[in-house]
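Structure file start.csv with CSV, C-alpha atoms:
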```
chain,number,residue,atom,x,y,z
A,14,MET,CA,95.4,134.4,102.7
A,15,ASN,CA,96.2,130.7,102.8
A,16,SER,CA,95.2,129.4,106.2
A,17,VAL,CA,98.3,127.2,106.6
A,18,LEU,CA,100.5,130.2,105.8
A,19,SER,CA,98.8,132.4,108.3
A,20,LEU,CA,99.2,129.8,111.0
A,21,ILE,CA,102.9,129.7,110.5
A,22,GLY,CA,103.1,133.4,110.6
A,23,ARG,CA,103.5,134.2,106.9
A,24,ASP,CA,101.4,136.0,104.2
A,25,LYS,CA,103.2,134.8,101.0
A,26,GLU,CA,104.7,131.6,99.6
A,27,LEU,CA,108.4,131.2,99.7
A,28,PHE,CA,109.3,130.0,96.2
A,29,SER,CA,106.8,131.8,94.0
A,30,ASN,CA,109.5,134.0,92.4
A,31,ASP,CA,111.8,131.1,91.7
A,32,ILE,CA,108.9,129.0,90.2
A,33,GLN,CA,107.7,131.9,88.1
A,34,ASN,CA,111.2,132.6,86.8
A,35,HIS,CA,111.8,129.0,85.7
A,36,GLU,CA,108.2,127.9,84.9
A,37,ALA,CA,108.7,127.7,81.2
A,38,GLU,CA,111.7,125.5,81.4
A,39,LEU,CA,110.3,123.5,84.3
A,40,SER,CA,107.1,122.7,82.4
A,41,GLU,CA,108.9,121.8,79.2
A,42,ILE,CA,111.2,119.3,81.0
A,43,VAL,CA,108.4,117.7,83.0
A,44,SER,CA,106.0,117.4,80.1
A,45,SER,CA,108.6,115.4,78.1
A,46,SER,CA,109.9,113.2,80.9
A,47,ARG,CA,109.1,110.0,82.7
A,48,PHE,CA,108.9,110.0,86.5
A,49,LEU,CA,109.0,107.4,89.3
A,50,VAL,CA,108.1,108.8,92.8
A,51,LEU,CA,109.0,106.5,95.7
A,52,GLY,CA,107.1,107.1,98.9
A,53,GLY,CA,104.8,109.2,96.8
A,54,ALA,CA,101.7,108.9,99.1
A,55,GLY,CA,103.2,110.6,102.2
A,56,SER,CA,102.7,114.3,102.8
A,57,ILE,CA,105.8,115.4,100.9
A,58,GLY,CA,105.4,112.7,98.3
A,59,GLN,CA,101.8,113.8,97.5
A,60,ALA,CA,103.0,117.4,97.2
A,61,VAL,CA,105.7,116.4,94.8
A,62,THR,CA,103.4,114.2,92.8
A,63,LYS,CA,100.9,117.1,92.4
A,64,GLU,CA,103.7,119.4,91.2
A,65,ILE,CA,104.7,116.9,88.5
A,66,PHE,CA,101.2,115.9,87.6
A,67,LYS,CA,99.9,119.4,86.9
A,68,ARG,CA,102.8,119.9,84.4
A,69,ASN,CA,101.6,116.9,82.3
A,70,PRO,CA,104.5,114.4,82.4
A,71,SER,CA,104.6,111.7,79.8
A,72,LYS,CA,104.7,109.1,82.5
A,73,LEU,CA,104.2,109.3,86.3
A,74,HIS,CA,104.4,106.1,88.5
A,75,ILE,CA,103.9,106.3,92.2
A,76,VAL,CA,105.1,103.7,94.7
A,77,ASP,CA,104.2,103.7,98.3
A,78,ILE,CA,103.7,101.1,101.1
A,79,SER,CA,100.4,102.6,102.1
A,80,GLU,CA,97.6,101.5,99.8
A,81,ASN,CA,95.1,103.7,101.7
A,82,ASN,CA,97.2,106.8,101.2
A,83,LEU,CA,97.6,105.9,97.5
A,84,VAL,CA,93.8,105.8,97.2
A,85,GLU,CA,93.4,109.2,98.7
A,86,LEU,CA,96.2,110.6,96.5
A,87,VAL,CA,94.4,109.4,93.3
A,88,ARG,CA,91.1,110.8,94.6
A,89,ASP,CA,92.7,114.1,95.5
A,90,ILE,CA,94.4,114.4,92.1
A,91,ARG,CA,91.3,113.5,90.1
A,92,SER,CA,89.2,115.9,92.1
A,93,SER,CA,91.8,118.8,91.8
A,94,PHE,CA,93.4,118.3,88.4
A,95,GLY,CA,91.5,115.7,86.5
A,96,TYR,CA,93.5,113.6,84.0
A,97,ILE,CA,96.6,113.8,81.8
A,98,PRO,CA,97.4,112.1,78.5
A,99,GLY,CA,100.5,110.5,80.0
A,100,ASP,CA,100.7,107.2,81.9
A,101,PHE,CA,99.7,107.8,85.5
A,102,ARG,CA,99.6,104.8,87.8
A,103,THR,CA,100.1,103.9,91.5
A,104,PHE,CA,101.7,100.7,93.0
A,105,ALA,CA,101.3,99.6,96.6
A,106,LEU,CA,104.8,98.2,97.1
A,107,ASP,CA,107.5,98.2,99.8
A,108,ILE,CA,110.6,99.6,98.2
A,109,GLY,CA,112.7,97.1,100.2
A,110,SER,CA,110.8,94.1,98.8
A,111,VAL,CA,111.5,91.6,96.0
A,112,GLU,CA,108.1,92.6,94.5
A,113,TYR,CA,109.4,96.2,94.1
A,114,ASP,CA,112.7,94.8,92.5
A,115,ALA,CA,110.6,92.8,90.1
A,116,PHE,CA,108.4,95.8,89.3
A,117,PHE,CA,111.5,98.0,88.6
A,118,LYS,CA,113.2,95.3,86.5
A,119,ALA,CA,110.1,94.9,84.4
A,120,ASP,CA,109.8,98.6,83.7
A,121,GLY,CA,112.7,100.8,84.7
A,122,GLY,CA,111.9,103.2,81.9
A,123,TYR,CA,112.3,106.5,83.8
A,124,ASP,CA,114.2,109.7,83.3
A,125,TYR,CA,113.8,110.9,86.9
A,126,VAL,CA,113.5,108.8,90.1
A,127,LEU,CA,112.4,110.8,93.2
A,128,ASN,CA,112.7,109.1,96.6
A,129,LEU,CA,110.5,110.7,99.3
A,130,SER,CA,110.3,107.6,101.5
A,131,ALA,CA,111.7,107.9,105.1
A,132,LEU,CA,111.3,107.2,108.7
A,133,LYS,CA,111.1,110.8,109.7
A,134,HIS,CA,110.1,110.9,113.4
A,135,VAL,CA,112.5,111.7,116.2
A,136,ARG,CA,110.3,109.3,118.3
A,137,SER,CA,111.5,106.4,116.1
A,138,GLU,CA,114.7,106.1,118.1
A,139,LYS,CA,113.0,104.8,121.2
A,140,ASP,CA,113.7,101.1,120.6
A,141,PRO,CA,116.4,99.2,118.7
A,142,TYR,CA,114.1,97.5,116.2
A,143,THR,CA,112.4,100.6,114.9
A,144,LEU,CA,115.9,102.2,114.8
A,145,MET,CA,117.1,99.3,112.6
A,146,ARG,CA,114.2,99.9,110.2
A,147,MET,CA,115.1,103.5,110.1
A,148,VAL,CA,118.6,102.5,108.9
A,149,ASP,CA,117.0,100.2,106.3
A,150,VAL,CA,114.6,102.8,105.0
A,151,ASN,CA,116.7,105.9,105.2
A,152,VAL,CA,120.1,104.5,104.2
A,153,PHE,CA,119.9,101.1,102.5
A,154,ASN,CA,116.7,101.4,100.5
A,155,THR,CA,118.0,104.7,99.2
A,156,ASP,CA,121.4,103.1,98.3
A,157,LYS,CA,119.6,100.2,96.6
A,158,THR,CA,117.2,102.3,94.5
A,159,VAL,CA,120.1,104.6,93.4
A,160,ARG,CA,122.0,101.5,92.2
A,161,GLN,CA,118.9,100.2,90.3
A,162,ALA,CA,118.3,103.6,88.7
A,163,THR,CA,122.0,103.7,87.6
A,164,GLU,CA,121.8,100.3,86.0
A,165,ALA,CA,118.5,101.3,84.2
A,166,GLY,CA,120.0,104.4,82.7
A,167,VAL,CA,117.9,106.9,84.7
A,168,THR,CA,119.0,110.5,84.0
A,169,LYS,CA,118.7,111.8,87.6
A,170,TYR,CA,118.0,110.6,91.1
A,171,PHE,CA,116.6,112.9,93.8
A,172,CYS,CA,115.9,112.1,97.5
A,173,VAL,CA,115.0,114.1,100.6
A,174,SER,CA,117.4,114.7,103.4
A,175,THR,CA,116.5,116.9,106.4
A,176,ASP,CA,117.7,120.1,108.1
A,177,LYS,CA,118.4,117.7,111.0
A,178,ALA,CA,121.3,116.2,109.0
A,179,ALA,CA,123.3,119.4,109.6
A,180,ASN,CA,125.1,118.8,112.9
A,181,PRO,CA,122.7,116.1,113.9
A,182,VAL,CA,121.6,115.5,117.5
A,183,ASN,CA,119.1,112.7,117.0
A,184,MET,CA,119.3,109.3,115.2
A,185,MET,CA,116.9,110.3,112.5
A,186,GLY,CA,119.0,113.3,111.5
A,187,ALA,CA,122.2,111.2,111.8
A,188,SER,CA,120.7,108.4,109.6
A,189,LYS,CA,120.0,111.1,106.9
A,190,ARG,CA,123.6,112.4,107.2
A,191,ILE,CA,124.8,108.8,106.7
A,192,MET,CA,122.5,108.6,103.7
A,193,GLU,CA,124.2,111.7,102.3
A,194,MET,CA,127.5,109.9,102.6
A,195,PHE,CA,126.3,106.9,100.7
A,196,LEU,CA,124.9,109.2,98.0
A,197,MET,CA,128.3,110.8,97.6
A,198,ARG,CA,129.7,107.3,96.7
A,199,ARG,CA,126.9,106.6,94.2
A,200,SER,CA,127.2,110.1,92.7
A,201,GLU,CA,130.3,108.9,90.8
A,202,GLN,CA,128.0,106.8,88.6
A,203,MET,CA,124.6,108.7,88.8
A,204,LYS,CA,123.6,112.4,88.8
A,205,ILE,CA,122.0,112.9,92.3
A,206,SER,CA,120.6,115.9,94.0
A,207,THR,CA,118.8,116.3,97.3
A,208,ALA,CA,117.1,118.8,99.6
A,209,ARG,CA,117.2,119.7,103.3
A,210,PHE,CA,114.1,121.6,104.4
A,211,ALA,CA,112.1,122.7,107.4
A,212,ASN,CA,109.1,121.1,109.1
A,213,VAL,CA,106.3,120.6,106.7
A,214,ALA,CA,103.2,122.2,108.4
A,215,PHE,CA,100.4,119.7,109.0
A,216,SER,CA,102.2,116.8,107.4
A,217,ASP,CA,100.9,113.3,108.4
A,218,GLY,CA,102.0,112.3,111.8
A,219,SER,CA,103.4,115.8,112.7
A,220,LEU,CA,102.4,117.6,115.9
A,221,LEU,CA,100.4,120.2,113.8
A,222,HIS,CA,98.5,117.4,112.0
A,223,GLY,CA,97.8,116.1,115.5
A,224,PHE,CA,95.9,119.3,116.3
A,225,ASN,CA,93.3,118.3,113.7
A,226,GLN,CA,93.0,114.9,115.3
A,227,ARG,CA,92.7,116.3,118.8
A,228,LEU,CA,89.8,118.6,117.8
A,229,GLU,CA,88.1,115.8,115.9
A,230,LYS,CA,88.4,113.5,119.0
A,231,ARG,CA,87.7,116.3,121.5
A,232,GLN,CA,91.0,116.0,123.3
A,233,PRO,CA,93.4,118.6,124.7
A,234,ILE,CA,96.0,120.3,122.6
A,235,VAL,CA,99.5,119.7,123.8
A,236,ALA,CA,102.6,121.5,122.5
A,237,PRO,CA,106.1,122.5,123.7
A,238,LYS,CA,106.4,126.2,124.4
A,239,ASP,CA,110.3,126.3,124.2
A,240,VAL,CA,110.7,124.6,120.8
A,241,ARG,CA,110.8,127.0,117.8
A,242,ARG,CA,111.0,125.7,114.3
A,243,TYR,CA,111.0,126.8,110.6
A,244,PHE,CA,108.0,125.6,108.6
A,245,VAL,CA,107.1,125.3,105.0
A,246,THR,CA,103.7,124.4,103.5
A,247,PRO,CA,103.1,121.0,101.8
A,248,LYS,CA,103.0,122.8,98.4
A,249,GLU,CA,106.3,124.5,99.1
A,250,SER,CA,107.9,121.2,100.0
A,251,GLY,CA,106.8,119.8,96.6
A,252,GLU,CA,108.2,122.8,94.8
A,253,LEU,CA,111.5,122.6,96.6
A,254,CYS,CA,111.9,118.9,95.7
A,255,LEU,CA,111.0,119.4,92.1
A,256,MET,CA,113.3,122.4,91.7
A,257,SER,CA,116.2,120.4,93.1
A,258,CYS,CA,115.4,117.4,91.0
A,259,ILE,CA,115.2,119.3,87.7
A,260,PHE,CA,117.8,122.0,88.2
A,261,GLY,CA,120.2,120.7,90.8
A,262,ASP,CA,123.7,119.7,89.6
A,263,SER,CA,125.1,116.4,90.9
A,264,ARG,CA,125.6,116.4,94.6
A,265,ASP,CA,123.7,119.7,95.2
A,266,ILE,CA,121.6,120.0,98.3
A,267,PHE,CA,118.8,122.6,98.0
A,268,PHE,CA,117.4,124.4,101.0
A,269,PRO,CA,115.1,127.4,101.8
A,270,LYS,CA,117.0,130.6,102.4
A,271,LEU,CA,116.3,132.3,105.7
A,272,SER,CA,114.6,135.6,105.1
A,273,GLU,CA,111.7,137.7,106.4
A,274,GLU,CA,109.4,135.2,104.8
A,275,LEU,CA,110.9,132.2,106.7
A,276,HIS,CA,111.3,132.6,110.4
A,277,LEU,CA,111.2,130.6,113.6
A,278,ILE,CA,107.8,130.1,115.4
A,279,SER,CA,107.0,128.0,118.5
A,280,PHE,CA,104.5,125.1,118.4
A,281,ALA,CA,102.6,126.8,121.3
A,282,ASP,CA,102.2,130.0,119.2
A,283,ILE,CA,100.9,128.0,116.3
A,284,ALA,CA,98.5,126.1,118.6
A,285,VAL,CA,97.0,129.5,119.8
A,286,LYS,CA,96.6,130.7,116.2
A,287,TYR,CA,95.1,127.4,115.2
A,288,LEU,CA,92.5,127.4,117.9
A,289,GLU,CA,91.6,131.0,117.2
A,290,GLN,CA,91.2,130.2,113.5
A,291,LYS,CA,88.8,127.4,114.6
A,292,GLY,CA,86.8,129.7,116.8
A,293,PHE,CA,88.1,128.6,120.2
A,294,GLU,CA,89.8,130.5,123.0
A,295,PRO,CA,92.9,128.6,124.3
A,296,MET,CA,92.5,127.6,128.0
A,297,LEU,CA,95.9,126.9,129.6
A,298,CYS,CA,96.1,123.9,132.0
A,299,SER,CA,98.7,123.0,134.6
A,300,ASP,CA,98.9,119.2,133.9
A,301,GLU,CA,97.5,116.4,131.8
A,302,ASP,CA,94.8,115.4,134.2
A,303,GLU,CA,93.3,118.9,134.3
A,304,ALA,CA,93.5,119.1,130.5
A,305,ARG,CA,91.7,115.7,130.0
A,306,LYS,CA,89.0,116.7,132.5
A,307,LEU,CA,88.3,120.1,130.9
A,308,ALA,CA,88.2,118.6,127.4
A,309,LYS,CA,84.8,117.1,128.5
A,310,THR,CA,83.2,120.4,129.3
A,311,GLN,CA,84.9,123.4,127.9
A,312,PRO,CA,84.6,123.1,124.1
A,313,GLU,CA,80.9,123.8,124.0
A,314,ARG,CA,81.7,127.0,125.9
A,315,GLY,CA,84.1,128.1,123.1
A,316,LYS,CA,87.3,127.2,125.1
A,317,TRP,CA,89.8,124.5,124.4
A,318,PRO,CA,92.1,123.1,127.0
A,319,CYS,CA,95.9,123.4,126.2
A,320,LEU,CA,99.0,122.1,127.9
A,321,PHE,CA,102.1,124.0,126.9
A,322,THR,CA,105.3,122.6,128.5
A,323,ASN,CA,109.1,122.7,128.2
A,324,SER,CA,110.6,120.0,126.0
A,325,ASP,CA,112.7,117.3,127.8
A,326,THR,CA,112.6,114.4,125.3
A,327,THR,CA,115.5,112.7,123.6
A,328,GLY,CA,116.5,114.0,120.2
A,329,GLU,CA,115.1,117.5,120.3
A,330,LYS,CA,117.5,120.0,118.7
A,331,ASP,CA,117.9,123.4,120.4
A,332,PHE,CA,117.9,125.2,117.1
A,333,GLU,CA,117.5,124.4,113.4
A,334,GLU,CA,120.1,124.9,110.7
A,335,PHE,CA,120.2,123.9,107.0
A,336,TYR,CA,124.0,123.8,106.6
A,337,THR,CA,127.2,123.8,108.5
A,338,ASP,CA,130.2,126.2,108.6
A,339,GLN,CA,132.2,123.7,106.6
A,340,GLU,CA,129.8,123.5,103.6
A,341,VAL,CA,130.2,125.5,100.4
A,342,LEU,CA,127.1,127.5,99.5
A,343,ASP,CA,125.7,129.1,96.3
A,344,MET,CA,123.2,131.8,97.5
A,345,ASP,CA,123.0,133.6,94.2
A,346,HIS,CA,121.4,131.2,91.7
A,347,PHE,CA,117.9,131.4,93.0
A,348,HIS,CA,115.8,134.0,94.9
A,349,ASN,CA,114.7,132.0,97.9
A,350,LEU,CA,116.6,128.7,97.4
A,351,GLY,CA,120.1,128.2,98.6
A,352,ILE,CA,122.4,125.4,97.4
A,353,ILE,CA,125.1,123.4,99.2
A,354,LYS,CA,127.8,122.4,96.7
A,355,ASN,CA,129.5,119.1,97.3
A,356,GLU,CA,132.5,117.2,95.9
A,357,ALA,CA,132.3,113.4,95.7
A,358,ILE,CA,134.2,113.1,99.1
A,359,PHE,CA,133.5,109.9,101.0
A,360,ASP,CA,135.4,107.2,103.0
A,361,ASP,CA,134.7,104.0,101.1
A,362,ALA,CA,136.2,101.8,103.9
A,363,LEU,CA,134.0,103.5,106.5
A,364,LEU,CA,130.9,102.9,104.4
A,365,ARG,CA,131.8,99.3,103.9
A,366,GLU,CA,132.3,98.9,107.6
A,367,PHE,CA,128.9,100.3,108.3
A,368,GLU,CA,127.3,97.9,105.8
A,369,GLU,CA,129.2,94.9,107.3
A,370,ARG,CA,128.4,95.7,110.9
A,371,ILE,CA,124.7,96.2,110.2
A,372,ALA,CA,124.6,92.9,108.2
A,373,SER,CA,126.3,91.2,111.2
A,374,MET,CA,123.7,92.5,113.6
A,375,LYS,CA,120.9,91.3,111.4
A,376,GLN,CA,122.4,87.9,110.9
A,377,GLU,CA,122.7,87.4,114.7
A,378,MET,CA,119.2,88.9,115.0
A,379,ALA,CA,120.4,90.7,118.2
A,380,TRP,CA,121.4,94.3,118.6
A,381,SER,CA,120.9,97.1,121.2
A,382,LYS,CA,120.1,100.7,120.8
A,383,ASN,CA,123.6,101.4,122.1
A,384,ASP,CA,125.1,99.2,119.4
A,385,LEU,CA,123.5,101.4,116.8
A,386,VAL,CA,124.4,104.7,118.6
A,387,GLN,CA,128.0,103.7,118.8
A,388,LEU,CA,128.1,102.8,115.1
A,389,PHE,CA,126.6,106.1,114.3
A,390,PHE,CA,129.4,107.8,116.3
A,391,CYS,CA,131.9,105.9,114.2
A,392,MET,CA,130.3,107.4,111.1
A,393,ILE,CA,129.8,110.9,112.5
A,394,PRO,CA,132.5,111.5,115.2
A,395,ASP,CA,131.0,114.8,116.3
A,396,PHE,CA,127.5,113.4,116.4
A,397,GLY,CA,125.8,115.5,119.2
A,398,HIS,CA,123.4,112.8,120.4
A,399,LYS,CA,121.4,113.7,123.4
A,400,GLU,CA,119.9,110.9,125.5
A,401,THR,CA,117.5,112.1,128.2
A,402,GLY,CA,115.8,108.7,128.8
A,403,LYS,CA,112.4,110.3,127.9
A,404,TYR,CA,110.6,109.9,124.6
A,405,LEU,CA,107.5,111.5,123.0
A,406,ASP,CA,105.5,108.3,123.4
A,407,SER,CA,105.6,108.8,127.1
A,408,LYS,CA,103.7,112.1,126.8
A,409,MET,CA,100.2,113.0,125.8
```

Here is a file; write its structure as C-alpha cells.
Amino acid sequence: MNSVLSLIGRDKELFSNDIQNHEAELSEIVSSSRFLVLGGAGSIGQAVTKEIFKRNPSKLHIVDISENNLVELVRDIRSSFGYIPGDFRTFALDIGSVEYDAFFKADGGYDYVLNLSALKHVRSEKDPYTLMRMVDVNVFNTDKTVRQATEAGVTKYFCVSTDKAANPVNMMGASKRIMEMFLMRRSEQMKISTARFANVAFSDGSLLHGFNQRLEKRQPIVAPKDVRRYFVTPKESGELCLMSCIFGDSRDIFFPKLSEELHLISFADIAVKYLEQKGFEPMLCSDEDEARKLAKTQPERGKWPCLFTNSDTTGEKDFEEFYTDQEVLDMDHFHNLGIIKNEAIFDDALLREFEERIASMKQEMAWSKNDLVQLFFCMIPDFGHKETGKYLDSKM
C-alpha cells in the first residue's frame, strides 16, 4: 500500500475510477494540446505537470519563481518518465514581473493555462507586507494572467482555489474567495474552471513535510491534537486539477466528494503513524523544553519526542468544508468528484473598489494589517476572521 495513503488512513486512491473512466478522452485531449503551467514547481504544480507530461502533450512549458524547484522537477520527470516528442521547457520567472509579460507576449501559443501559484500558508497573515504579497499573488497575478490568456486566444484557464474559501476564517482563504469573485468577472470572456481541495499530504512547507525535516535534523515532532483535516496525496491533487481543467465547464469548481475513502484525521494521529512507519515509538512530552532535551538522547533508543497540543493560533478553522449551503452542486457527473456550478454573478463596482483601494495603499507605501482585514470584510461581509494574537511562527 502507498505509504502516504496509509499515513492518512486510506488504502486506495480517491480518483482512480474517474481517471479510468475518462482516460481515453483525457489522453487524446492532452496529447494534442499545448500547456502552460504557472507555479509548476510547487508540490501541486509538480503533480499536475507529471499528470500532463505522462500523457505526451504537444507542448508543455513550466513557469515558477523557484529555479531550484524547477531543477528538481526536471530531474524527477527525466528519472521517472524520460522524454516526450513535444516541446518541454521550464522558465524561472516571477509571474508578476515584466520578464514574464515579455515571455508570454513572445509565445502565448497555448490551449490551456493552469495557474498553481499561491501564497498558501495561514501563517502568511502575521504581518501586513506578506499579506499584501498574498493579495498580489492570489488575486492580481491570477487576474492578470487570465486577461493575458484571453487576449492570446487560449481555450481554457484553470487555477486552484482552496477548501478554505468556503466560509473563510483566515486571510488566505478569504484571498482565494476574492480571487473567485475576480474569476467570475473574467469568465464572461474566457472559459475558466477551478478546484477546491483538501490539504495535500507532505506538500512543501506543510506540517507533514516538516516531519521529514524534523527527523533529518533530529528535532522533536510537534503537532496539534485538536485539528482534524481532510488530506489528498500529491498525485490526487494533480489528477483533480487536470480533470477540472479538461472537463470542467466554465465557472465550475471541482472538489473531492466526502466518502469512506476521504475522512478527517488529526495531525497528531498522522504523526504517530509516521513515526511508527519510520521505526520509532512516539514519546509524549509536556512542553517544548522537555521535547528539545529528549531529542538529544532518545532517538537512538528507538523513541522520538513529540509535543501534541491544542491549537490557539490565528486563522485555524474548526472544521473543513468544500462548499456552502448557497452553492449549487452536481454530485452525479463523476464518481468521487463533485462540482460547484456557478453563474457569472459578481459586483463589478465592488471589484473596482478593491483594486482602487489596494492601488492607493501601494502608492502611499503604507498600510496596516487592519486596513487589509477591513477591506476583506467589505468584500466578504460574513468573513469569519478569528484574530487570537498568536501565530504559528511563535511556536516550535

Show me a table, sorted first by chain and then by increasing residue number, of the residues of stretch 309-400 of chain A having an atom at most 8 Å from stretch 302-305 of chain A, each with its shortest atom pair and the distance in Å to one decimal, counting all atoms listed in the file and written as a Markdown table.
```
| residue | atom | partner | partner_atom | distance |
| --- | --- | --- | --- | --- |
| A:Lys309 | CA | A:Arg305 | CA | 7.2 |
| A:Pro318 | CA | A:Ala304 | CA | 5.5 |
| A:Cys319 | CA | A:Ala304 | CA | 6.5 |
| A:Leu320 | CA | A:Ala304 | CA | 6.8 |
```

Counting all atoms listed in the file, give me one row per residue of stretch 254-307 of chain A with an atom at most 9 Å from an atom of stretch 25-38 of chain A, showing the shortest contact pair and its distance in Å to one decimal, sorted by chain then residue number, as a tab-separated table.
```
residue	atom	partner	partner_atom	distance
A:Met256	CA	A:Ile32	CA	8.1
A:Pro269	CA	A:Leu27	CA	8.0
A:Glu274	CA	A:Leu27	CA	6.6
A:Leu275	CA	A:Leu27	CA	7.5
```

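When all atoms listed in the file are used to compute distances to A:Arg209, the closest of the residues A:Gln290, A:Thr337, A:Asn82, A:Ser44 turns out to be A:Thr337.
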
Could you name the residues that touch A:Cys254 at 9 Å or less, counting all atoms listed in the file, but leaving out those on the same chain fewer than 6 positions away, as a list in words?
Ile57, Val61, Leu127, Phe171, Cys172, Val173, Thr207, Ala208 and Phe267 of chain A

Could you please take those selected residues and save C-alpha atoms as a PDB file, keeping the file's coordinate frame?
```
ATOM      1  CA  ILE A  57     105.800 115.400 100.900  1.00  0.00           C
ATOM      2  CA  VAL A  61     105.700 116.400  94.800  1.00  0.00           C
ATOM      3  CA  LEU A 127     112.400 110.800  93.200  1.00  0.00           C
ATOM      4  CA  PHE A 171     116.600 112.900  93.800  1.00  0.00           C
ATOM      5  CA  CYS A 172     115.900 112.100  97.500  1.00  0.00           C
ATOM      6  CA  VAL A 173     115.000 114.100 100.600  1.00  0.00           C
ATOM      7  CA  THR A 207     118.800 116.300  97.300  1.00  0.00           C
ATOM      8  CA  ALA A 208     117.100 118.800  99.600  1.00  0.00           C
ATOM      9  CA  PHE A 267     118.800 122.600  98.000  1.00  0.00           C
TER      10      PHE A 267
END
```

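Each of A:Tyr170, A:Ile21, A:Val111, A:Ile353 was compared to A:Leu277 using only C-alpha atoms, and A:Ile21 turns out to be the nearest.
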